[in-house]
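Q: Below is one structure. I have some questions about it.
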Amino acid sequence: MLDSSKSTLGVISAEPEPIKLDWPSTALLIIDMQRDFMEPGGFGETLGNDVSQLARAVKPIGTVLTAARDTGMLVIHTREGHLPDLSDAPPAKVERGAPSLRIGDPGPMGRILIRGEAGHDIIPELYPLDSEIVIDKPGKGAFYATELSDVLEKYGIENLLVCGVTTEVCVNTTVREANDRGYRCVVMSDGCASYFPEFHEMGLKMIKAQGGIFGWVATSAAVLEAMKVSTTQGYCHEHIDGDDRQV
């Protein structure tokens with residue numbers, strides 16, 4: 001349980017300015033670190049992308065994920081993908097462009113971007129614990145057609161530490177959705193990545209522009225330092241221990 005005599009606040013050195021977070025009302029949101037996006041033969045590569053560009057985000061995410069687990073912070077993973085019958089995949093999404101394989105086609109890791117297939121799952125380095133929440137989403141934003149809003153309300157979450165792929169697509173879309181719903185988002189600059197480095201940089205600039213129009217941007221090291229200071233002061237998360245957070 002949380003010791004009420006200890007501080008539960010952490011100050012993250014961020015852009016456009018430092019941000020103070022209350023840790024018990026903060027969750028780590030890891031966006032779409034799936035094999036279909038991260039590994040050869042998956043959806044990302046079928047679109048003609050160099051999937052190795054995304055590998056740079058894995059270690060920073062892993063360090064923050066370990067710290068979040070150590071403090072008992074709520075951890076939420078998302079996976080983009082579709083039902084086997086593609087009933088939740090709009091034709092405009094399935095038919096766009098000229099990829100080598102389309103959503104639903106057989107690939108090296110099973111049907112491309114289909115729930116339950118190997119490629120749809122999260123990479124081993126960041127694999128969820130049984131106690132962590134996994135949100136399956138059919139769109140780019142994590143709030144669209146999912147139970148994410150209900151989960152955040154259930155656990156009293158007001159702040160989100162956001163990371164994952166890709167910076168300009170699913171991360172940016174989710175942060176914008178969260179901002180409209182009143183959540184304060186801190187995006188980890190080195191915990192996100194894009195197939196296009198210039199899109200990654202511009203995606204982060206969009207978030208922190210105009211005084212943080214969509215949120216704050218910080219390095220994983222800055223997040224870890226803020227968590228370390230709070231832990232030294234006696235912070236311990238009070239979310240329900242041992243409950244099954246899979247949804």
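Residues are named by chain letter and number: chains run A, B, ... in the order of the structure tokens, numbers start at 1 in each chain, and ligands are numbered from 1 in the order shown.
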What are the DSSP strand (DSSP E) residues of range 5-235 of chain A, as a PyMOL selection string?
A: chain A and resi 9-12+19-22+26-31+74-80+106-107+110-111+133-137+159-165+184-193+216-218
Q: Please, what distance in Å, to one decimal, runs between CA of Met227 in chain A and CA of Phe143 in chain A?
A: 26.4 Å
Q: Applying 9 Å and only C-alpha atoms, which residues near Arg184 in chain A remain after dropping the ones on its own chain fewer than 3 positions away? List them as a ChimeraX atom specification.
A: /A:21,158-161,175,178-179,214-216
Q: Just the selected residues (N, CA and C atoms), exported as a compact mmCIF listing (two decimals), in the first residue's frame, please.
A:
# COMPACT_ATOMS: atom_id res chain seq x y z
N LEU A 21 4.03 14.74 -12.13
CA LEU A 21 3.04 13.67 -12.22
C LEU A 21 2.80 13.03 -10.86
N GLU A 158 -4.94 9.42 -14.73
CA GLU A 158 -5.05 10.77 -15.26
C GLU A 158 -3.87 11.13 -16.17
N ASN A 159 -2.78 10.38 -16.04
CA ASN A 159 -1.55 10.67 -16.78
C ASN A 159 -1.06 9.42 -17.50
N LEU A 160 -0.51 9.61 -18.69
CA LEU A 160 -0.02 8.49 -19.48
C LEU A 160 1.42 8.72 -19.90
N LEU A 161 2.28 7.73 -19.61
CA LEU A 161 3.62 7.68 -20.18
C LEU A 161 3.50 6.85 -21.45
N VAL A 175 -2.13 9.79 -28.67
CA VAL A 175 -1.89 10.96 -27.82
C VAL A 175 -2.94 12.04 -28.09
N ALA A 178 -6.12 10.93 -26.49
CA ALA A 178 -6.02 11.05 -25.04
C ALA A 178 -6.14 12.51 -24.61
N ASN A 179 -5.50 13.40 -25.36
CA ASN A 179 -5.56 14.83 -25.05
C ASN A 179 -7.00 15.33 -25.10
N PHE A 214 -0.42 18.93 -27.48
CA PHE A 214 -0.92 17.57 -27.27
C PHE A 214 -0.30 16.87 -26.07
N GLY A 215 0.84 17.37 -25.60
CA GLY A 215 1.48 16.73 -24.46
C GLY A 215 2.91 17.17 -24.29
N TRP A 216 3.67 16.37 -23.56
CA TRP A 216 5.06 16.65 -23.25
C TRP A 216 5.92 15.57 -23.88
Q: For range 66-83 of chain A, work out the shell of residues within 9 Å, counting only C-alpha atoms and skipping chain neighbours fewer than 4 positions away, then give it as a tab-separated table (two decimals) with N, CA, C and O atoms, in the first residue's frame.
A:
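The result, written out as result.tsv:
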chain	number	residue	atom	x	y	z
A	23	TRP	N	2.22	9.66	-9.36
A	23	TRP	CA	2.46	8.30	-9.86
A	23	TRP	C	1.27	7.35	-9.71
A	23	TRP	O	1.01	6.55	-10.62
A	24	PRO	N	0.52	7.37	-8.61
A	24	PRO	CA	-0.61	6.44	-8.53
A	24	PRO	C	-1.68	6.64	-9.60
A	24	PRO	O	-2.46	5.73	-9.87
A	25	SER	N	-1.72	7.83	-10.19
A	25	SER	CA	-2.71	8.08	-11.25
A	25	SER	C	-2.05	8.11	-12.63
A	25	SER	O	-2.57	8.70	-13.58
A	26	THR	N	-0.88	7.44	-12.74
A	26	THR	CA	-0.13	7.39	-13.99
A	26	THR	C	-0.01	5.96	-14.48
A	26	THR	O	0.20	5.04	-13.68
A	27	ALA	N	-0.13	5.76	-15.79
A	27	ALA	CA	0.03	4.43	-16.39
A	27	ALA	C	1.05	4.50	-17.51
A	27	ALA	O	1.21	5.54	-18.17
A	28	LEU	N	1.74	3.39	-17.72
A	28	LEU	CA	2.65	3.24	-18.86
A	28	LEU	C	1.86	2.61	-20.00
A	28	LEU	O	1.32	1.51	-19.86
A	29	LEU	N	1.79	3.31	-21.13
A	29	LEU	CA	1.05	2.84	-22.30
A	29	LEU	C	2.03	2.55	-23.42
A	29	LEU	O	2.67	3.46	-23.97
A	30	ILE	N	2.16	1.26	-23.78
A	30	ILE	CA	3.12	0.82	-24.79
A	30	ILE	C	2.34	0.47	-26.05
A	30	ILE	O	1.54	-0.47	-26.08
A	31	ILE	N	2.60	1.22	-27.12
A	31	ILE	CA	1.81	1.14	-28.33
A	31	ILE	C	2.42	0.18	-29.37
A	31	ILE	O	3.54	0.39	-29.86
A	32	ASP	N	1.72	-0.91	-29.66
A	32	ASP	CA	1.91	-1.73	-30.86
A	32	ASP	C	3.33	-2.24	-31.10
A	32	ASP	O	3.80	-2.27	-32.25
A	33	MET	N	4.00	-2.69	-30.05
A	33	MET	CA	5.33	-3.27	-30.24
A	33	MET	C	5.17	-4.74	-30.67
A	33	MET	O	5.57	-5.68	-29.99
A	34	GLN	N	4.63	-4.90	-31.86
A	34	GLN	CA	4.23	-6.21	-32.38
A	34	GLN	C	5.21	-6.72	-33.43
A	34	GLN	O	5.87	-5.94	-34.13
A	61	ILE	N	12.29	1.43	-24.05
A	61	ILE	CA	11.00	0.98	-23.51
A	61	ILE	C	11.22	-0.07	-22.44
A	61	ILE	O	10.58	-0.06	-21.39
A	62	GLY	N	12.14	-0.99	-22.70
A	62	GLY	CA	12.40	-2.07	-21.75
A	62	GLY	C	12.86	-1.57	-20.39
A	62	GLY	O	12.45	-2.10	-19.35
A	87	SER	N	-14.07	-8.32	-40.54
A	87	SER	CA	-15.28	-7.51	-40.42
A	87	SER	C	-15.03	-6.15	-39.77
A	87	SER	O	-15.85	-5.24	-39.90
A	88	ASP	N	-13.90	-6.01	-39.08
A	88	ASP	CA	-13.56	-4.73	-38.45
A	88	ASP	C	-12.44	-4.01	-39.20
A	88	ASP	O	-11.84	-3.07	-38.67
A	89	ALA	N	-12.17	-4.43	-40.44
A	89	ALA	CA	-11.13	-3.81	-41.26
A	89	ALA	C	-11.77	-3.12	-42.45
A	89	ALA	O	-12.23	-3.78	-43.40
A	103	ILE	N	-3.45	-6.94	-45.59
A	103	ILE	CA	-3.99	-7.40	-44.32
A	103	ILE	C	-4.85	-8.64	-44.58
A	103	ILE	O	-5.70	-8.66	-45.46
A	104	GLY	N	-4.58	-9.68	-43.79
A	104	GLY	CA	-5.32	-10.93	-43.93
A	104	GLY	C	-4.66	-11.97	-44.80
A	104	GLY	O	-5.00	-13.16	-44.74
A	112	ILE	N	-1.41	-11.76	-42.10
A	112	ILE	CA	-0.91	-10.42	-41.80
A	112	ILE	C	-1.90	-9.61	-40.97
A	112	ILE	O	-3.07	-9.45	-41.34
A	113	LEU	N	-1.45	-9.14	-39.81
A	113	LEU	CA	-2.18	-8.24	-38.92
A	113	LEU	C	-3.55	-8.81	-38.50
A	113	LEU	O	-4.53	-8.08	-38.37
A	114	ILE	N	-3.57	-10.11	-38.24
A	114	ILE	CA	-4.80	-10.78	-37.80
A	114	ILE	C	-4.61	-11.25	-36.36
A	114	ILE	O	-3.60	-11.87	-36.02
A	115	ARG	N	-5.60	-10.94	-35.53
A	115	ARG	CA	-5.54	-11.31	-34.12
A	115	ARG	C	-5.38	-12.82	-33.94
A	115	ARG	O	-6.04	-13.61	-34.62
A	116	GLY	N	-4.49	-13.20	-33.05
A	116	GLY	CA	-4.24	-14.61	-32.77
A	116	GLY	C	-3.09	-15.19	-33.56
A	116	GLY	O	-2.58	-16.26	-33.20
A	120	HIS	N	0.91	-10.94	-35.05
A	120	HIS	CA	0.10	-9.95	-34.33
A	120	HIS	C	0.59	-9.76	-32.90
A	120	HIS	O	0.31	-8.73	-32.27
A	121	ASP	N	1.32	-10.72	-32.38
A	121	ASP	CA	1.70	-10.68	-30.98
A	121	ASP	C	2.85	-9.72	-30.72
A	121	ASP	O	3.54	-9.27	-31.64
A	122	ILE	N	3.07	-9.42	-29.46
A	122	ILE	CA	4.09	-8.48	-29.03
A	122	ILE	C	5.46	-9.16	-29.02
A	122	ILE	O	5.57	-10.36	-28.73
A	127	TYR	N	7.39	-8.60	-23.79
A	127	TYR	CA	6.15	-9.38	-23.70
A	127	TYR	C	5.41	-9.09	-22.39
A	127	TYR	O	6.02	-9.01	-21.32
A	128	PRO	N	4.10	-8.92	-22.46
A	128	PRO	CA	3.32	-8.58	-21.26
A	128	PRO	C	3.34	-9.69	-20.21
A	128	PRO	O	3.33	-10.89	-20.55
A	131	SER	N	-0.38	-10.26	-15.54
A	131	SER	CA	-1.10	-9.25	-14.76
A	131	SER	C	-1.26	-7.92	-15.50
A	131	SER	O	-1.94	-7.02	-15.00
A	132	GLU	N	-0.65	-7.79	-16.69
A	132	GLU	CA	-0.72	-6.53	-17.43
A	132	GLU	C	-1.84	-6.55	-18.46
A	132	GLU	O	-2.20	-7.60	-19.00
A	133	ILE	N	-2.37	-5.38	-18.72
A	133	ILE	CA	-3.51	-5.25	-19.62
A	133	ILE	C	-3.04	-5.20	-21.07
A	133	ILE	O	-2.06	-4.53	-21.40
A	134	VAL	N	-3.74	-5.92	-21.93
A	134	VAL	CA	-3.49	-5.90	-23.36
A	134	VAL	C	-4.77	-5.45	-24.06
A	134	VAL	O	-5.82	-6.08	-23.91
A	135	ILE	N	-4.67	-4.36	-24.81
A	135	ILE	CA	-5.80	-3.80	-25.53
A	135	ILE	C	-5.64	-4.12	-27.02
A	135	ILE	O	-4.66	-3.71	-27.64
A	136	ASP	N	-6.58	-4.84	-27.59
A	136	ASP	CA	-6.57	-5.09	-29.03
A	136	ASP	C	-7.41	-4.02	-29.71
A	136	ASP	O	-8.57	-3.80	-29.36
A	137	LYS	N	-6.81	-3.35	-30.69
A	137	LYS	CA	-7.47	-2.23	-31.35
A	137	LYS	C	-7.51	-2.44	-32.87
A	137	LYS	O	-6.54	-2.92	-33.46
A	138	PRO	N	-8.62	-2.08	-33.50
A	138	PRO	CA	-8.71	-2.24	-34.95
A	138	PRO	C	-8.20	-1.05	-35.73
A	138	PRO	O	-8.04	-1.12	-36.95
A	139	GLY	N	-7.95	0.07	-35.04
A	139	GLY	CA	-7.51	1.29	-35.71
A	139	GLY	C	-6.15	1.73	-35.24
A	139	GLY	O	-5.45	1.04	-34.50
A	140	LYS	N	-5.80	2.94	-35.63
A	140	LYS	CA	-4.50	3.48	-35.25
A	140	LYS	C	-4.52	4.04	-33.83
A	140	LYS	O	-3.56	3.92	-33.10
A	141	GLY	N	-5.61	4.68	-33.44
A	141	GLY	CA	-5.74	5.19	-32.09
A	141	GLY	C	-6.16	4.10	-31.12
A	141	GLY	O	-6.95	3.22	-31.45
A	142	ALA	N	-5.63	4.18	-29.89
A	142	ALA	CA	-5.91	3.14	-28.90
A	142	ALA	C	-7.29	3.29	-28.25
A	142	ALA	O	-7.72	2.39	-27.53
A	155	TYR	N	-9.06	2.42	-13.04
A	155	TYR	CA	-7.85	2.52	-12.22
A	155	TYR	C	-7.50	3.96	-11.83
A	155	TYR	O	-6.45	4.20	-11.24
A	157	ILE	N	-6.75	6.60	-13.63
A	157	ILE	CA	-5.60	7.12	-14.35
A	157	ILE	C	-5.89	8.51	-14.93
A	157	ILE	O	-6.93	8.73	-15.55
A	170	CYS	N	0.41	5.61	-34.96
A	170	CYS	CA	-0.37	5.12	-33.82
A	170	CYS	C	-0.07	5.86	-32.52
A	170	CYS	O	-0.97	6.08	-31.71
A	224	LEU	N	12.97	7.82	-16.02
A	224	LEU	CA	13.56	6.93	-15.02
A	224	LEU	C	14.09	7.71	-13.81
A	224	LEU	O	13.95	7.26	-12.67
A	227	MET	N	11.22	8.69	-11.64
A	227	MET	CA	10.71	7.52	-10.92
A	227	MET	C	11.69	7.11	-9.81
A	227	MET	O	11.26	6.73	-8.72
A	228	LYS	N	12.98	7.21	-10.09
A	228	LYS	CA	13.99	6.83	-9.10
A	228	LYS	C	13.92	7.71	-7.87
A	228	LYS	O	13.97	7.24	-6.73
A	231	THR	N	10.88	6.80	-5.87
A	231	THR	CA	11.07	5.51	-5.20
A	231	THR	C	11.96	5.68	-3.97
A	231	THR	O	11.70	5.11	-2.90
A	235	TYR	N	7.98	6.00	-2.63
A	235	TYR	CA	6.81	5.74	-3.47
A	235	TYR	C	6.63	4.26	-3.72
A	235	TYR	O	7.55	3.54	-4.05
A	236	CYS	N	5.39	3.81	-3.59
A	236	CYS	CA	5.02	2.44	-3.95
A	236	CYS	C	3.59	2.49	-4.44
A	236	CYS	O	2.71	3.01	-3.76
A	237	HIS	N	3.35	1.99	-5.62
A	237	HIS	CA	2.03	2.09	-6.23
A	237	HIS	C	1.00	1.29	-5.47
A	237	HIS	O	1.30	0.23	-4.92
A	238	GLU	N	-0.23	1.77	-5.46
A	238	GLU	CA	-1.27	1.11	-4.68
A	238	GLU	C	-2.35	0.48	-5.53
A	238	GLU	O	-3.43	0.16	-5.05
A	239	HIS	N	-2.11	0.29	-6.84
A	239	HIS	CA	-3.09	-0.45	-7.62
A	239	HIS	C	-3.25	-1.85	-7.05
A	239	HIS	O	-2.33	-2.42	-6.47
A	241	ASP	N	-3.13	-5.39	-6.01
A	241	ASP	CA	-2.13	-6.42	-6.27
A	241	ASP	C	-2.81	-7.73	-6.66
A	241	ASP	O	-3.81	-8.13	-6.08
A	245	ARG	N	-5.38	-8.34	-14.90
A	245	ARG	CA	-5.62	-7.14	-15.68
A	245	ARG	C	-5.78	-7.43	-17.16
A	245	ARG	O	-5.95	-6.51	-17.94
Q: Residues near Tyr195 in chain A, anyone? I mean within 7 Å using only C-alpha atoms, not counting same-chain ones fewer than 5 positions away, as a VMD selection string.
A: chain A and resid 49 to 51 53 to 54
Q: Which residue gives the smallest distance to Pro108 in chain A among A:Gly42, A:Pro124, A:Pro60, A:Pro91, with only C-alpha atoms counted?
A: A:Gly42
Q: Determine which residues of range 6-240 of chain A DSSP labels as helix (DSSP H, G or I) from the backbone of this structure, then write them out as a PyMOL selection string.
A: chain A and resi 23-25+35-38+43-46+51-71+91-94+118-120+124-126+148-154+167-180+197-212+220-232
Q: Out of A:Val217, A:Ser149, A:Gly211, A:Glu125, which residue has the shortest atom-to-atom distance to Ala57 in chain A when counting only C-alpha atoms?
A: A:Glu125
Q: Compile a residue-level contact table for range 166-226 of chain A against range 7-18 of chain A at a cut-off of 8 Å, reporting for every qualifying residue the shortest atom pair and its distance in Å to one decimal, with only C-alpha atoms counted, rows ordered by chain and ascending number, as a Markdown table.
A:
| residue | atom | partner | partner_atom | distance |
| --- | --- | --- | --- | --- |
| A:Lys208 | CA | A:Pro16 | CA | 5.9 |
| A:Ala209 | CA | A:Pro16 | CA | 7.5 |
| A:Gly211 | CA | A:Pro16 | CA | 5.9 |
| A:Gly212 | CA | A:Pro16 | CA | 6.0 |
| A:Trp216 | CA | A:Glu15 | CA | 5.6 |
| A:Val217 | CA | A:Glu15 | CA | 5.2 |
| A:Ala218 | CA | A:Ala14 | CA | 4.5 |
| A:Thr219 | CA | A:Ala14 | CA | 7.6 |
| A:Ala222 | CA | A:Ser13 | CA | 5.7 |
| A:Val223 | CA | A:Ile12 | CA | 5.8 |
| A:Glu225 | CA | A:Ile12 | CA | 7.7 |
| A:Ala226 | CA | A:Gly10 | CA | 5.2 |
Q: Write a file of the just-selected residues containing C-alpha atoms, as a PDB file, in the first residue's frame.
A:
ATOM      1  CA  LYS A 208       5.205  19.514 -27.809  1.00  0.00           C
ATOM      2  CA  ALA A 209       4.542  22.543 -30.036  1.00  0.00           C
ATOM      3  CA  GLY A 211       3.301  25.037 -25.199  1.00  0.00           C
ATOM      4  CA  GLY A 212       2.561  21.318 -25.373  1.00  0.00           C
ATOM      5  CA  TRP A 216       5.058  16.647 -23.247  1.00  0.00           C
ATOM      6  CA  VAL A 217       8.150  14.952 -24.672  1.00  0.00           C
ATOM      7  CA  ALA A 218      10.904  13.497 -22.492  1.00  0.00           C
ATOM      8  CA  THR A 219      13.698  10.964 -22.765  1.00  0.00           C
ATOM      9  CA  ALA A 222      14.370  11.647 -17.607  1.00  0.00           C
ATOM     10  CA  VAL A 223      11.374   9.449 -16.839  1.00  0.00           C
ATOM     11  CA  GLU A 225      15.234   9.660 -12.974  1.00  0.00           C
ATOM     12  CA  ALA A 226      11.867  11.017 -11.842  1.00  0.00           C
TER      13      ALA A 226
END
Q: Report, in Å to a single decimal, how far apart CA of Ile207 in chain A and CA of Arg176 in chain A are.
A: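 Spanning CA of Arg176 in chain A to CA of Ile207 in chain A is a straight-line distance of 8.3 Å.
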Q: Nearest to Gly156 in chain A: which of A:Tyr183, A:Gly191, A:Met109, A:His200 is it, counting only C-alpha atoms?
A: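 Closest to Gly156 in chain A of all the choices is A:Tyr183.
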Q: Work out how far apart CA of Glu95 in chain A and CA of Ile123 in chain A are and give it in Å to one decimal.
A: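 Interatomic distance here is 26.5 Å.
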Q: Which polymer residues have any atom within 7 Å of an atom of range 196-199 of chain A, counting only C-alpha atoms, with same-chain residues fewer than 3 positions away left out, as number ranges by chain?
A: A: 168, 202-203
